[in-house]
There are 2 protein chains.
Amino acid sequence: MQWKTPERWEELKKGINCPMCLDFPQPENKFSFLVTELKQSYVRLPKNQYCFGYTIVAFKRHANELFELSQQELSEFWEDVAITARALDEIYHPTKIDYLIFGHHCPHLHCHLVLQTFDNDPSVAVKMDEKEVFLKPKKYQDMIKKT
Amino acid sequence: MQWKTPERWEELKKGINCPMCLDFPQPENKFSFLVTELKQSYVRLPKNQYCFGYTIVAFKRHANELFELSQQELSEFWEDVAITARALDEIYHPTKIDYLIFGHHCPHLHCHLVLQTFDNDPSVAVKMDEKEVFLKPKKYQDMIKKT
């Protein structure tokens, strides 16, 4: 993986041809399924479930950094994340939930919820893309229904 | 690094002998300096500045997961993070800011702000502990003043 060129990055920060603006509302895209729509965000289940239960909460409108959000947007976005985390906690009982905002591929604000268990290596902070683990279609549907 | 035992983890989740409850309010502790106190959090500058500008926003009271916060706490905590991120953005002009909540050592809620630049490898998501880079005392003081 490489950074986009500085010119393309500036465009992306403005939301020009942002692939995530197009992808996040879709019921299914190349990488994930839509689980539900909350106040400020789309909750999505990535197809790569190498970290079981791994879920994304994506901000609906294009924004890059948290300080670009209005007070209401910021507050409601994190309520959406907290609601999602509570649901995942009740379903999967993780040891700890990681809440991770990167955006190195594309700066459109989205939060990765990664469920850590005592079986994971805690010193390896982020493994969600290290391997690819795909499930049977029915399994995704079951997970979506539970969440 | 290893997980704590399940018994110690349960204690830590309850805030029993939580080292971060003691460390975060200190002007200086083993790992970091206090930069400022905001509504719900302490802003701290880690001594290891391998990722230059790396800053922590730590929730004042003991809580583990975002859904344990009241609506007001959640909203004000993220306002604190956004205020800090805006300040770091104005000082250091990063390409992207990462907002990372782990808590594998200790589940006391704190958010790592890691500043990414085009010089960093974007596929290596978290490098803040990979090496140790310590600065001269005056440099920390300059950084604290600027923030």
# chains A, B, ... in the order shown; residues from 1 in each chain; ligands from 1
$ residues_around --residues "Leu113 (chain A)" --least-positions-apart "4" --cutoff "12 Å" --atoms "only C-alpha atoms" --output "JSON, numbers by chain"
{"A": [43, 44, 45, 46, 49, 51, 52, 53, 54, 55, 56, 57, 58, 80, 81, 82, 83, 84, 85, 86, 87, 88, 89, 94, 96, 97, 98, 99, 100, 101, 102, 126, 127, 128], "B": [65, 66, 100, 101, 102]}
$ residues_around --residues "Gln72 (chain A)" --least-positions-apart "4" --cutoff "10 Å" --atoms "only C-alpha atoms" --output "ChimeraX atom specification"
/A:40,76-77 /B:75
$ write_last_selection --atoms "C-alpha atoms" --output "PDB file, in the first residue's frame"
ATOM      1  CA  GLN A  40     -24.870   9.823  11.352  1.00  0.00           C
ATOM      2  CA  GLU A  76     -24.173  11.535  17.316  1.00  0.00           C
ATOM      3  CA  PHE A  77     -21.389   9.775  15.390  1.00  0.00           C
TER       4      PHE A  77
ATOM      5  CA  SER B  75     -19.909  13.898  23.687  1.00  0.00           C
TER       6      SER B  75
END
$ atom_distance --atom1 "CA of Phe31 (chain B)" --atom2 "CA of Tyr50 (chain B)"
12.9 Å
$ residues_around --residues "His108 (chain B)" --least-positions-apart "4" --cutoff "7 Å" --atoms "only C-alpha atoms" --output "number ranges by chain"
B: 20, 62-64, 103
$ closest_residue --among "A:Lys145, A:Ile16, A:Lys138, A:Glu130" --to "chain B" --atoms "only C-alpha atoms"
A:Glu130
$ closest_residue --among "A:His110, A:Phe118, A:Arg8, A:Asn48" --to "chain B" --atoms "only C-alpha atoms"
A:Phe118
$ atom_distance --atom1 "CA of Asn29 (chain A)" --atom2 "CA of Pro122 (chain B)"
23.3 Å
$ residues_around --residues "His105 (chain A)" --least-positions-apart "5" --cutoff "10 Å" --atoms "only C-alpha atoms" --output "PyMOL selection string"
(chain A and resi 1-4+9+12) or (chain B and resi 122-123)
$ atom_distance --atom1 "CA of Ile91 (chain A)" --atom2 "CA of Phe59 (chain A)"
23.2 Å
$ closest_residue --among "B:Thr95, B:Ser32, B:Gln26, B:Thr5" --to "Leu135 (chain B)" --atoms "only C-alpha atoms"
B:Ser32
$ select_by_dssp --residues "chain B" --states "helix (DSSP H, G or I)" --output "JSON, numbers by chain"
{"B": [6, 7, 8, 9, 10, 11, 12, 13, 19, 20, 21, 22, 23, 66, 67, 68, 71, 72, 73, 74, 75, 76, 77, 78, 79, 80, 81, 82, 83, 84, 85, 86, 87, 88, 89, 90, 91, 92, 137, 138, 139, 140, 141, 142, 143, 144, 145, 146]}
$ select_by_dssp --residues "region 21-73 of chain A" --states "strand (DSSP E or B)" --output "PyMOL selection string"
chain A and resi 28+32-37+41-46+55-59
